[in-house]
$ cat my_file-v6.txt   # compact mmCIF, C-alpha atoms and all ligand atoms
# COMPACT_ATOMS: atom_id res chain seq x y z
CA MET S 1 -132.67 141.27 125.24
CA THR S 2 -134.21 144.70 125.52
CA ASN S 3 -135.12 147.28 128.10
CA GLN S 4 -134.24 150.93 127.64
CA LYS S 5 -133.85 151.21 131.39
CA GLY S 6 -130.23 150.78 132.37
CA GLY S 7 -128.74 148.25 134.75
CA VAL S 8 -131.75 145.92 134.92
CA GLY S 9 -129.85 142.77 133.95
CA LYS S 10 -130.07 142.58 130.13
CA THR S 11 -126.46 141.51 129.79
CA THR S 12 -126.52 139.12 132.75
CA VAL S 13 -129.69 137.41 131.53
CA ALA S 14 -128.44 137.34 127.92
CA ILE S 15 -125.15 135.63 128.82
CA ASN S 16 -126.75 133.09 131.14
CA LEU S 17 -129.67 132.27 128.83
CA ALA S 18 -127.10 131.74 126.06
CA GLY S 19 -125.13 129.52 128.47
CA ALA S 20 -128.26 127.51 129.30
CA LEU S 21 -129.05 127.01 125.60
CA ASN S 22 -125.48 125.80 125.03
CA ASP S 23 -125.86 123.49 128.05
CA ARG S 24 -128.94 122.02 126.31
CA GLY S 25 -126.75 121.26 123.29
CA HIS S 26 -127.66 124.15 120.98
CA ASP S 27 -125.31 126.16 118.79
CA VAL S 28 -125.58 129.74 119.99
CA LEU S 29 -124.45 133.00 118.41
CA PHE S 30 -124.23 135.96 120.78
CA VAL S 31 -124.23 139.48 119.31
CA ASP S 32 -123.20 142.33 121.62
CA LEU S 33 -124.92 145.33 120.09
CA ASP S 34 -124.30 147.61 123.09
CA PRO S 35 -121.55 150.21 122.55
CA GLN S 36 -120.68 149.82 126.25
CA GLY S 37 -119.39 146.33 125.44
CA ASN S 38 -120.41 144.82 128.77
CA ALA S 39 -121.28 141.43 127.31
CA THR S 40 -118.02 141.48 125.36
CA GLU S 41 -116.25 141.89 128.70
CA GLY S 42 -118.49 139.37 130.47
CA LEU S 43 -117.61 136.79 127.82
CA GLY S 44 -113.90 137.37 128.32
CA LEU S 45 -113.34 139.20 125.02
CA LEU S 46 -112.54 142.68 126.26
CA GLU S 47 -109.38 142.87 124.10
CA THR S 48 -111.58 142.77 120.99
CA TYR S 49 -113.36 145.96 122.09
CA ASP S 50 -110.49 148.06 120.74
CA ALA S 51 -109.91 145.91 117.65
CA GLN S 52 -109.07 147.63 114.38
CA PRO S 53 -111.67 147.73 111.59
CA PRO S 54 -113.57 145.96 110.22
CA THR S 55 -115.82 146.01 113.28
CA LEU S 56 -119.50 145.46 113.98
CA LEU S 57 -120.17 149.08 113.00
CA ASP S 58 -118.56 148.54 109.59
CA ALA S 59 -120.74 145.47 109.07
CA LEU S 60 -123.90 147.44 110.01
CA VAL S 61 -122.94 150.27 107.67
CA GLU S 62 -122.00 148.02 104.77
CA PRO S 63 -123.47 144.52 105.13
CA SER S 64 -122.39 143.64 101.59
CA ALA S 65 -118.73 144.31 102.42
CA VAL S 66 -118.36 142.90 105.96
CA SER S 67 -119.99 139.65 107.09
CA LEU S 68 -120.66 138.77 110.73
CA ALA S 69 -118.75 135.55 110.04
CA ASP S 70 -115.64 137.76 109.68
CA LEU S 71 -116.22 139.16 113.17
CA VAL S 72 -117.05 136.01 115.12
CA HIS S 73 -114.85 135.06 118.06
CA SER S 74 -115.09 131.69 119.68
CA HIS S 75 -115.87 131.28 123.35
CA PRO S 76 -116.10 127.90 125.10
CA GLU S 77 -119.90 128.14 125.25
CA MET S 78 -120.88 130.05 122.12
CA ASP S 79 -119.77 132.11 119.13
CA VAL S 80 -119.61 135.83 119.88
CA VAL S 81 -119.74 138.94 117.73
CA PRO S 82 -118.19 141.44 120.13
CA SER S 83 -119.03 145.11 120.41
CA ASN S 84 -116.38 147.71 119.70
CA VAL S 85 -115.58 151.24 120.82
CA ASP S 86 -116.64 152.59 117.43
CA MET S 87 -120.20 151.33 118.07
CA ASN S 88 -120.53 154.62 120.00
CA ALA S 89 -121.08 156.21 116.57
CA ALA S 90 -123.73 153.65 115.56
CA GLU S 91 -126.79 155.72 116.51
CA SER S 92 -125.76 158.79 114.50
CA THR S 93 -124.23 156.84 111.61
CA LEU S 94 -127.18 154.50 111.10
CA SER S 95 -129.72 157.33 111.32
CA GLN S 96 -128.16 158.83 108.19
CA GLU S 97 -128.37 155.54 106.26
CA PRO S 98 -131.39 154.44 104.21
CA ASP S 99 -133.07 151.48 105.96
CA GLY S 100 -130.64 151.90 108.83
CA GLU S 101 -132.89 149.81 111.09
CA THR S 102 -132.67 146.68 108.92
CA ARG S 103 -128.90 146.17 108.68
CA LEU S 104 -128.64 143.52 111.39
CA ASP S 105 -131.49 141.63 109.75
CA THR S 106 -129.48 141.52 106.50
CA LEU S 107 -126.33 140.44 108.34
CA LEU S 108 -128.03 137.70 110.37
CA SER S 109 -129.87 136.30 107.35
CA ALA S 110 -126.49 135.41 105.85
CA ILE S 111 -125.36 133.30 108.83
CA GLU S 112 -128.48 132.27 110.74
CA ALA S 113 -128.46 128.79 109.20
CA ASP S 114 -125.22 128.07 111.12
CA TYR S 115 -126.92 128.47 114.53
CA ASP S 116 -129.87 127.18 116.51
CA VAL S 117 -130.35 130.40 118.47
CA ILE S 118 -129.08 133.97 118.16
CA VAL S 119 -129.05 136.11 121.31
CA VAL S 120 -128.69 139.88 120.86
CA ASP S 121 -127.86 142.13 123.81
CA CYS S 122 -129.21 145.69 123.40
CA PRO S 123 -128.03 149.01 124.82
CA PRO S 124 -130.08 150.85 127.47
CA TYR S 125 -131.88 153.19 125.08
CA LEU S 126 -134.38 153.06 122.25
CA GLY S 127 -133.19 154.09 118.80
CA MET S 128 -131.46 152.76 115.71
CA VAL S 129 -129.35 150.13 117.47
CA THR S 130 -132.23 148.60 119.42
CA ASP S 131 -134.47 148.86 116.34
CA ASN S 132 -131.94 146.73 114.46
CA ALA S 133 -132.16 144.02 117.11
CA LEU S 134 -135.96 144.03 117.27
CA VAL S 135 -136.49 144.07 113.50
CA ALA S 136 -133.90 141.32 112.96
CA THR S 137 -135.03 138.93 115.68
CA GLU S 138 -138.78 139.76 115.73
CA ASN S 139 -138.71 138.62 119.35
CA LEU S 140 -137.87 140.11 122.67
CA VAL S 141 -137.01 139.10 126.19
CA VAL S 142 -137.44 141.89 128.72
CA PRO S 143 -135.48 141.87 131.96
CA ALA S 144 -136.82 144.29 134.56
CA LEU S 145 -136.24 145.00 138.21
CA ALA S 146 -139.07 144.24 140.61
CA GLU S 147 -139.50 147.89 141.55
CA PRO S 148 -142.13 150.54 140.77
CA THR S 149 -140.12 152.42 138.10
CA SER S 150 -140.36 149.31 135.93
CA LYS S 151 -144.06 149.99 135.29
CA ARG S 152 -143.35 153.07 133.23
CA SER S 153 -140.32 151.60 131.49
CA LEU S 154 -142.36 148.58 130.34
CA GLU S 155 -145.23 150.80 129.14
CA LEU S 156 -142.82 152.94 127.14
CA LEU S 157 -141.08 149.87 125.73
CA PHE S 158 -144.26 148.16 124.57
CA ASP S 159 -145.59 151.39 123.02
CA TYR S 160 -142.30 151.75 121.18
CA VAL S 161 -142.33 148.15 119.99
CA GLY S 162 -145.91 148.59 118.75
CA ALA S 163 -144.88 151.62 116.66
CA LEU S 164 -141.86 149.76 115.27
CA GLU S 165 -144.09 146.84 114.24
CA LEU S 166 -146.29 149.22 112.22
CA ASP S 167 -143.32 151.02 110.65
CA HIS S 168 -141.64 147.82 109.52
CA ASP S 169 -144.65 145.57 109.02
CA VAL S 170 -143.27 142.94 111.40
CA GLU S 171 -144.64 141.16 114.45
CA ILE S 172 -142.33 141.33 117.42
CA ASP S 173 -143.21 138.69 120.02
CA PRO S 174 -142.52 139.20 123.71
CA LEU S 175 -141.11 135.78 124.67
CA ALA S 176 -140.51 136.42 128.34
CA LEU S 177 -140.40 138.94 131.10
CA VAL S 178 -137.56 138.35 133.55
CA ALA S 179 -137.94 139.88 136.99
CA ASN S 180 -134.30 140.22 137.91
CA ARG S 181 -132.20 140.76 141.01
CA ILE S 182 -135.19 139.98 143.23
CA GLU S 183 -134.76 140.49 146.94
CA THR S 184 -137.32 139.42 149.48
CA THR S 185 -139.27 142.58 150.13
CA ARG S 186 -142.96 143.46 150.07
CA GLU S 187 -142.26 145.90 147.27
CA ALA S 188 -140.78 143.10 145.15
CA ASP S 189 -143.77 140.81 145.87
CA HIS S 190 -146.14 143.58 144.85
CA MET S 191 -144.22 144.19 141.61
CA LEU S 192 -144.18 140.47 140.73
CA GLU S 193 -147.97 140.50 141.03
CA TRP S 194 -148.13 143.62 138.85
CA PHE S 195 -145.96 141.96 136.16
CA GLU S 196 -148.28 138.95 136.08
CA GLU S 197 -151.39 141.11 135.83
CA ALA S 198 -149.98 143.58 133.28
CA LEU S 199 -148.68 140.91 130.88
CA PRO S 200 -150.77 137.81 131.55
CA ASP S 201 -149.81 136.15 128.25
CA VAL S 202 -146.05 136.55 128.67
CA PRO S 203 -144.24 134.01 130.85
CA LEU S 204 -142.57 135.55 133.89
CA TYR S 205 -139.23 134.20 135.11
CA ARG S 206 -137.84 135.12 138.51
CA ILE S 207 -134.10 135.60 138.95
CA ARG S 208 -132.97 136.35 142.46
CA LYS S 209 -129.99 138.43 143.48
CA ARG S 210 -127.03 136.05 143.40
CA VAL S 211 -123.34 136.82 143.69
CA ALA S 212 -122.59 133.68 141.62
CA LEU S 213 -123.93 135.59 138.58
CA GLN S 214 -121.44 138.39 139.22
CA ARG S 215 -118.58 135.95 139.69
CA ALA S 216 -119.39 134.21 136.41
CA PHE S 217 -119.32 137.62 134.65
CA ALA S 218 -115.89 138.29 136.15
CA ASP S 219 -114.73 134.87 134.92
CA GLY S 220 -115.91 135.59 131.36
CA THR S 221 -118.54 132.83 131.22
CA SER S 222 -122.10 131.97 132.08
CA VAL S 223 -122.84 130.21 135.37
CA PHE S 224 -123.05 126.95 133.40
CA ALA S 225 -119.32 126.90 132.67
CA ARG S 226 -118.29 127.17 136.33
CA GLU S 227 -117.93 124.71 139.16
CA GLU S 228 -119.81 126.93 141.60
CA GLU S 229 -123.48 126.12 141.27
CA THR S 230 -126.39 128.46 141.81
CA ASP S 231 -130.09 127.74 142.22
CA MET S 232 -130.75 130.24 139.40
CA GLN S 233 -129.42 127.76 136.83
CA THR S 234 -132.80 126.02 137.03
CA VAL S 235 -134.54 129.24 136.01
CA PHE S 236 -132.23 129.83 133.03
CA LEU S 237 -132.79 126.20 131.96
CA GLU S 238 -136.55 126.75 132.17
CA MET S 239 -136.11 129.75 129.89
CA ALA S 240 -134.07 127.57 127.52
CA ASP S 241 -136.96 125.04 127.51
CA MET S 242 -139.36 127.84 126.58
CA ILE S 243 -137.06 128.92 123.70
CA GLU S 244 -136.81 125.30 122.53
CA ALA S 245 -140.59 124.99 122.50
CA ALA S 246 -141.20 128.39 120.87
CA PHE S 247 -138.81 127.69 117.98
CA GLU S 248 -139.25 123.91 117.81
CA LEU S 249 -135.55 123.35 118.41
CA LYS S 250 -135.91 119.82 119.68
CA GLU S 251 -135.83 117.17 117.00
CA VAL S 252 -139.23 115.60 116.72
CA PRO S 253 -138.95 111.78 116.43
CA ALA S 254 -140.15 110.58 113.01
N1 LIG I 1 -129.55 138.53 139.50
C1 LIG I 1 -128.49 139.28 139.82
N2 LIG I 1 -127.84 139.09 141.00
C2 LIG I 1 -126.79 139.85 141.32
N3 LIG I 1 -126.29 140.83 140.55
C3 LIG I 1 -126.88 141.06 139.36
C4 LIG I 1 -127.99 140.30 138.93
N4 LIG I 1 -128.37 140.76 137.72
C5 LIG I 1 -127.52 141.74 137.40
N5 LIG I 1 -126.63 141.95 138.39
C6 LIG I 1 -125.59 142.98 138.43
O1 LIG I 1 -126.22 144.24 138.21
C7 LIG I 1 -125.44 145.05 137.35
C8 LIG I 1 -126.24 145.39 136.10
O2 LIG I 1 -126.51 144.19 135.39
P1 LIG I 1 -126.38 144.13 133.80
O3 LIG I 1 -125.11 144.72 133.34
O4 LIG I 1 -126.67 142.73 133.40
O5 LIG I 1 -127.59 145.08 133.40
P2 LIG I 1 -127.90 145.72 131.97
O6 LIG I 1 -129.36 145.93 131.89
O7 LIG I 1 -127.27 144.92 130.91
O8 LIG I 1 -127.14 147.12 132.09
P3 LIG I 1 -126.99 148.22 130.89
O9 LIG I 1 -128.33 148.86 130.81
O10 LIG I 1 -125.92 149.13 131.37
O11 LIG I 1 -126.64 147.45 129.66
C9 LIG I 1 -124.17 144.26 137.06
O12 LIG I 1 -123.19 144.66 137.99
C10 LIG I 1 -124.58 142.81 137.32
O13 LIG I 1 -123.51 142.01 137.74
MG MG I 2 -126.04 145.54 129.36
$ encode --input "my_file-v6.txt" --output "C-alpha cells"
Amino acid sequence: MTNQKGGVGKTTVAINLAGALNDRGHDVLFVDLDPQGNATEGLGLLETYDAQPPTLLDALVEPSAVSLADLVHSHPEMDVVPSNVDMNAAESTLSQEPDGETRLDTLLSAIEADYDVIVVDCPPYLGMVTDNALVATENLVVPALAEPTSKRSLELLFDYVGALELDHDVEIDPLALVANRIETTREADHMLEWFEEALPDVPLYRIRKRVALQRAFADGTSVFAREEETDMQTVFLEMADMIEAAFELKEVPA
C-alpha cells in the first residue's frame, strides 16, 4: 500500500482490504512498515509500539538474527508485525547497509509459505523503507484522494517505481488504484475520470467518505469485524476478489 502523499488512506485501505481477505477465508499477514505506527494502533496493538528489542528494525538490519515470526502478534482477523518507535531510524540505518532495500524480501521469503496474502503498509515518503516493501512484494496498491494534487503524486510515484524496477531488475505490478474518501463534488467526478484515463489498465476502486471506517480504526479492527455495516464493505470485497484472481488464491477444482 503505497503513496508518498500523506493522509490519502493507505492505512485505512490496507486494514480493510486485509479484513476483506480474512472474511473470504484467507490467512493474512499484515506488516506495518510505517514508523508512525498508525496501522499498529488501528489494529489495536499500540502497546507493542514501545516494545523492547528485538523489533522490526532489528529484523530489517539483521534478517539472519531476527525472524518476522518472532515479531508476529495475533489479531482476531490477521497476524500482524507491528511497527515500533525505533523504525524512525530505519531510513538512515538501512541506507548505510549493503542491499538495504532487500531486507524485507529476505524476511518475508522465510515465512511467506504460512500465509495466503501479505499486506504491507508504507510510510508517506519514498526511500529505503518504501523500497523494501516494493521490492519484496513486487506489487502495489495506490490509494489516492480524488483531488487535483493527486495527479502529480501519481506521476512521481510511477516514475520512482520505474527507476526501482530497473535498479533491482524486478517488475512491480500496479494492482489497483483506490480513489479514497470520495465526496460528491464536480472536482471529485473530474478526478475519477482522470484516474481512469491516466491508468486505463489498472482497476479503479471507489471508496467514499464513511465514518464507519474511522470507528473501525478506533475499535482496532477492520469494518468486517464489527456489527455496524457500511456499503464500502462491498468495495473491499471486490478488491479481495481481484487479489484472489491475480494470485490464483481460490482452489481450482480438479
Ligand atoms: N474513506 C474514508 N472515510 C472517512 N475517513 C477516512 C477515509 N479514509 C481515510 N480516512 C481518515 O483519513 C485520515 C487519513 O487516513 P489514513 O491514515 O488511512 O491515511 P494514510 O495515507 O495511511 O496516512 P499517512 O500518510 O499518514 O500514513 C484518517 O483519520 C482516516 O480515518
Ligand atoms: Mg498510514
$ closest_residue --input "my_file-v6.txt" --among "S:Val141, S:Leu154, S:Ala20, S:Ile207" --to "ligand LIG 1 (chain I)" --atoms "all atoms listed in the file"
S:Ile207
$ atom_distance --input "my_file-v6.txt" --atom1 "CA of Glu77 in chain S" --atom2 "CA of Asp114 in chain S"
15.1 Å
$ residues_around --input "my_file-v6.txt" --residues "Leu199 in chain S" --least-positions-apart "5" --cutoff "10 Å" --atoms "only C-alpha atoms" --output "list in words"
Leu154, Pro174, Ala176, Leu177, Trp194 and Leu204 of chain S
$ closest_atom_pairs --input "my_file-v6.txt" --of "chain S" --to "ligand MG 2 (chain I)" --cutoff "8 Å" --atoms "only C-alpha atoms and all ligand atoms" --output "CSV"
residue,atom,partner,partner_atom,distance
S:Gly6,CA,I:MG2,MG,7.4
S:Gly7,CA,I:MG2,MG,6.6
S:Val8,CA,I:MG2,MG,8.0
S:Gly9,CA,I:MG2,MG,6.6
S:Lys10,CA,I:MG2,MG,5.1
S:Thr11,CA,I:MG2,MG,4.1
S:Thr12,CA,I:MG2,MG,7.3
S:Asp34,CA,I:MG2,MG,6.8
S:Gln36,CA,I:MG2,MG,7.5
S:Gly37,CA,I:MG2,MG,7.8
S:Asn38,CA,I:MG2,MG,5.7
S:Ala39,CA,I:MG2,MG,6.6
S:Asp121,CA,I:MG2,MG,6.8
S:Cys122,CA,I:MG2,MG,6.8
S:Pro123,CA,I:MG2,MG,6.1
S:Pro124,CA,I:MG2,MG,6.9
$ residues_near_point --input "my_file-v6.txt" --point "(-131.6, 129.2, 139.7)" --cutoff "12 Å" --atoms "all atoms listed in the file" --output "list in words"
Val13, Asn16, Leu17, Ala20, Asn180, Arg181, Ile182, Tyr205, Arg206, Ile207, Arg208, Lys209, Arg210, Val211, Ala212, Leu213, Val223, Phe224, Glu229, Thr230, Asp231, Met232, Gln233, Thr234, Val235, Phe236, Leu237, Glu238 and Met239 of chain S
$ residues_near_point --input "my_file-v6.txt" --point "(-108.4, 142.1, 123.5)" --cutoff "12 Å" --atoms "all atoms listed in the file" --output "ChimeraX atom specification"
/S:37,40-41,43-52,73,82-85
$ residues_around --input "my_file-v6.txt" --residues "Glu97 in chain S" --least-positions-apart "6" --cutoff "12 Å" --atoms "all atoms listed in the file" --output "PyMOL selection string"
chain S and resi 60-62+90-91+103+128
$ closest_residue --input "my_file-v6.txt" --among "S:Ala69, S:Thr221, S:Asp241, S:Ala188" --to "Ser150 in chain S" --atoms "all atoms listed in the file"
S:Ala188
$ closest_residue --input "my_file-v6.txt" --among "S:Ala240, S:Pro200, S:Asp159, S:Glu193" --to "Leu126 in chain S" --atoms "only C-alpha atoms"
S:Asp159
$ axis_aligned_box --input "my_file-v6.txt" --around "ligand LIG 1 (chain I)" --padding-each-side "5 Å" --output "lines of an AutoDock Vina configuration file"
center_x = -126.4
center_y = 143.8
center_z = 135.5
size_x = 16.4
size_y = 20.6
size_z = 21.7
$ closest_residue --input "my_file-v6.txt" --among "S:Asp189, S:Asp201, S:Glu183, S:Asp23" --to "ligand LIG 1 (chain I)" --atoms "all atoms listed in the file"
S:Glu183
$ residues_around --input "my_file-v6.txt" --residues "Leu104 in chain S" --least-positions-apart "4" --cutoff "6 Å" --atoms "all atoms listed in the file" --output "VMD selection string"
chain S and resid 108 132 136
$ atom_distance --input "my_file-v6.txt" --atom1 "CA of Gly25 in chain S" --atom2 "CA of Leu68 in chain S"
22.4 Å
$ atom_distance --input "my_file-v6.txt" --atom1 "CA of Leu57 in chain S" --atom2 "CA of Met87 in chain S"
5.5 Å
$ closest_residue --input "my_file-v6.txt" --among "S:Met78, S:Val129, S:Ala198, S:Leu134" --to "Ser92 in chain S" --atoms "all atoms listed in the file"
S:Val129
$ closest_residue --input "my_file-v6.txt" --among "S:Arg152, S:His26, S:Lys250, S:His75" --to "Ile118 in chain S" --atoms "all atoms listed in the file"
S:His26
$ residues_around --input "my_file-v6.txt" --residues "His168 in chain S" --least-positions-apart "3" --cutoff "10 Å" --atoms "all atoms listed in the file" --output "number ranges by chain"
S: 99, 101-102, 131, 135, 163-165, 171
$ residues_around --input "my_file-v6.txt" --residues "Leu140 in chain S" --least-positions-apart "3" --cutoff "10 Å" --atoms "only C-alpha atoms" --output "PyMOL selection string"
chain S and resi 1-3+119-120+133-134+137+143+161+172-177
$ build_atoms --input "my_file-v6.txt" --residues "range 149-160 of chain S" --atoms "all heavy atoms" --output "PDB file, keeping the file's coordinate frame"
ATOM      1  N   THR S 149    -140.494 151.699 139.329  1.00  0.00           N
ATOM      2  CA  THR S 149    -140.120 152.420 138.100  1.00  0.00           C
ATOM      3  C   THR S 149    -140.217 151.522 136.876  1.00  0.00           C
ATOM      4  O   THR S 149    -140.260 152.016 135.750  1.00  0.00           O
ATOM      5  CB  THR S 149    -138.680 152.964 138.187  1.00  0.00           C
ATOM      6  OG1 THR S 149    -137.815 151.872 138.530  1.00  0.00           O
ATOM      7  CG2 THR S 149    -138.542 154.072 139.207  1.00  0.00           C
ATOM      8  N   SER S 150    -140.265 150.220 137.078  1.00  0.00           N
ATOM      9  CA  SER S 150    -140.360 149.310 135.930  1.00  0.00           C
ATOM     10  C   SER S 150    -141.700 149.429 135.220  1.00  0.00           C
ATOM     11  O   SER S 150    -141.806 149.102 134.037  1.00  0.00           O
ATOM     12  CB  SER S 150    -140.171 147.856 136.388  1.00  0.00           C
ATOM     13  OG  SER S 150    -138.846 147.670 136.822  1.00  0.00           O
ATOM     14  N   LYS S 151    -142.746 149.883 135.935  1.00  0.00           N
ATOM     15  CA  LYS S 151    -144.060 149.990 135.290  1.00  0.00           C
ATOM     16  C   LYS S 151    -143.966 150.915 134.089  1.00  0.00           C
ATOM     17  O   LYS S 151    -144.371 150.567 132.992  1.00  0.00           O
ATOM     18  CB  LYS S 151    -145.092 150.551 136.286  1.00  0.00           C
ATOM     19  CG  LYS S 151    -145.434 149.617 137.419  1.00  0.00           C
ATOM     20  CD  LYS S 151    -146.548 150.214 138.280  1.00  0.00           C
ATOM     21  CE  LYS S 151    -146.843 149.307 139.466  1.00  0.00           C
ATOM     22  NZ  LYS S 151    -147.880 149.871 140.341  1.00  0.00           N
ATOM     23  N   ARG S 152    -143.424 152.099 134.319  1.00  0.00           N
ATOM     24  CA  ARG S 152    -143.350 153.070 133.230  1.00  0.00           C
ATOM     25  C   ARG S 152    -142.382 152.611 132.135  1.00  0.00           C
ATOM     26  O   ARG S 152    -142.660 152.774 130.949  1.00  0.00           O
ATOM     27  CB  ARG S 152    -142.912 154.422 133.789  1.00  0.00           C
ATOM     28  CG  ARG S 152    -142.940 155.499 132.747  1.00  0.00           C
ATOM     29  CD  ARG S 152    -142.926 156.895 133.351  1.00  0.00           C
ATOM     30  NE  ARG S 152    -142.502 157.861 132.353  1.00  0.00           N
ATOM     31  CZ  ARG S 152    -143.252 158.269 131.348  1.00  0.00           C
ATOM     32  NH1 ARG S 152    -144.477 157.799 131.208  1.00  0.00           N
ATOM     33  NH2 ARG S 152    -142.796 159.136 130.472  1.00  0.00           N
ATOM     34  N   SER S 153    -141.267 152.002 132.531  1.00  0.00           N
ATOM     35  CA  SER S 153    -140.320 151.600 131.490  1.00  0.00           C
ATOM     36  C   SER S 153    -140.922 150.502 130.606  1.00  0.00           C
ATOM     37  O   SER S 153    -140.711 150.494 129.395  1.00  0.00           O
ATOM     38  CB  SER S 153    -138.956 151.205 132.059  1.00  0.00           C
ATOM     39  OG  SER S 153    -139.062 150.122 132.918  1.00  0.00           O
ATOM     40  N   LEU S 154    -141.726 149.613 131.182  1.00  0.00           N
ATOM     41  CA  LEU S 154    -142.360 148.580 130.340  1.00  0.00           C
ATOM     42  C   LEU S 154    -143.441 149.179 129.444  1.00  0.00           C
ATOM     43  O   LEU S 154    -143.584 148.797 128.285  1.00  0.00           O
ATOM     44  CB  LEU S 154    -142.959 147.466 131.198  1.00  0.00           C
ATOM     45  CG  LEU S 154    -141.969 146.585 131.971  1.00  0.00           C
ATOM     46  CD1 LEU S 154    -142.664 145.348 132.509  1.00  0.00           C
ATOM     47  CD2 LEU S 154    -140.786 146.181 131.122  1.00  0.00           C
ATOM     48  N   GLU S 155    -144.207 150.152 129.980  1.00  0.00           N
ATOM     49  CA  GLU S 155    -145.230 150.800 129.140  1.00  0.00           C
ATOM     50  C   GLU S 155    -144.580 151.497 127.959  1.00  0.00           C
ATOM     51  O   GLU S 155    -145.024 151.361 126.812  1.00  0.00           O
ATOM     52  CB  GLU S 155    -146.049 151.793 129.981  1.00  0.00           C
ATOM     53  CG  GLU S 155    -147.069 151.086 130.872  1.00  0.00           C
ATOM     54  CD  GLU S 155    -147.581 151.956 132.025  1.00  0.00           C
ATOM     55  OE1 GLU S 155    -147.256 153.169 132.062  1.00  0.00           O
ATOM     56  OE2 GLU S 155    -148.291 151.404 132.883  1.00  0.00           O
ATOM     57  N   LEU S 156    -143.516 152.243 128.223  1.00  0.00           N
ATOM     58  CA  LEU S 156    -142.820 152.940 127.140  1.00  0.00           C
ATOM     59  C   LEU S 156    -142.254 151.955 126.127  1.00  0.00           C
ATOM     60  O   LEU S 156    -142.346 152.157 124.918  1.00  0.00           O
ATOM     61  CB  LEU S 156    -141.666 153.800 127.704  1.00  0.00           C
ATOM     62  CG  LEU S 156    -142.068 155.016 128.534  1.00  0.00           C
ATOM     63  CD1 LEU S 156    -140.841 155.644 129.186  1.00  0.00           C
ATOM     64  CD2 LEU S 156    -142.787 156.035 127.660  1.00  0.00           C
ATOM     65  N   LEU S 157    -141.679 150.862 126.633  1.00  0.00           N
ATOM     66  CA  LEU S 157    -141.080 149.870 125.730  1.00  0.00           C
ATOM     67  C   LEU S 157    -142.132 149.249 124.818  1.00  0.00           C
ATOM     68  O   LEU S 157    -141.947 149.168 123.606  1.00  0.00           O
ATOM     69  CB  LEU S 157    -140.359 148.794 126.560  1.00  0.00           C
ATOM     70  CG  LEU S 157    -139.780 147.624 125.759  1.00  0.00           C
ATOM     71  CD1 LEU S 157    -138.749 148.102 124.738  1.00  0.00           C
ATOM     72  CD2 LEU S 157    -139.128 146.598 126.704  1.00  0.00           C
ATOM     73  N   PHE S 158    -143.265 148.836 125.409  1.00  0.00           N
ATOM     74  CA  PHE S 158    -144.260 148.160 124.570  1.00  0.00           C
ATOM     75  C   PHE S 158    -144.937 149.126 123.593  1.00  0.00           C
ATOM     76  O   PHE S 158    -145.277 148.733 122.470  1.00  0.00           O
ATOM     77  CB  PHE S 158    -145.244 147.359 125.429  1.00  0.00           C
ATOM     78  CG  PHE S 158    -144.626 146.073 125.919  1.00  0.00           C
ATOM     79  CD1 PHE S 158    -144.192 145.926 127.230  1.00  0.00           C
ATOM     80  CD2 PHE S 158    -144.416 145.011 125.045  1.00  0.00           C
ATOM     81  CE1 PHE S 158    -143.581 144.744 127.668  1.00  0.00           C
ATOM     82  CE2 PHE S 158    -143.806 143.833 125.465  1.00  0.00           C
ATOM     83  CZ  PHE S 158    -143.390 143.696 126.784  1.00  0.00           C
ATOM     84  N   ASP S 159    -145.089 150.398 123.982  1.00  0.00           N
ATOM     85  CA  ASP S 159    -145.590 151.390 123.020  1.00  0.00           C
ATOM     86  C   ASP S 159    -144.614 151.531 121.855  1.00  0.00           C
ATOM     87  O   ASP S 159    -145.003 151.602 120.688  1.00  0.00           O
ATOM     88  CB  ASP S 159    -145.742 152.771 123.687  1.00  0.00           C
ATOM     89  CG  ASP S 159    -146.972 152.835 124.571  1.00  0.00           C
ATOM     90  OD1 ASP S 159    -147.773 151.876 124.554  1.00  0.00           O
ATOM     91  OD2 ASP S 159    -147.119 153.840 125.294  1.00  0.00           O
ATOM     92  N   TYR S 160    -143.352 151.576 122.192  1.00  0.00           N
ATOM     93  CA  TYR S 160    -142.300 151.750 121.180  1.00  0.00           C
ATOM     94  C   TYR S 160    -142.284 150.554 120.226  1.00  0.00           C
ATOM     95  O   TYR S 160    -142.210 150.715 119.000  1.00  0.00           O
ATOM     96  CB  TYR S 160    -140.951 151.891 121.887  1.00  0.00           C
ATOM     97  CG  TYR S 160    -139.814 152.272 120.968  1.00  0.00           C
ATOM     98  CD1 TYR S 160    -139.525 153.607 120.710  1.00  0.00           C
ATOM     99  CD2 TYR S 160    -139.030 151.296 120.350  1.00  0.00           C
ATOM    100  CE1 TYR S 160    -138.491 153.963 119.863  1.00  0.00           C
ATOM    101  CE2 TYR S 160    -137.991 151.648 119.500  1.00  0.00           C
ATOM    102  CZ  TYR S 160    -137.733 152.981 119.269  1.00  0.00           C
ATOM    103  OH  TYR S 160    -136.710 153.316 118.430  1.00  0.00           O
TER     104      TYR S 160
END
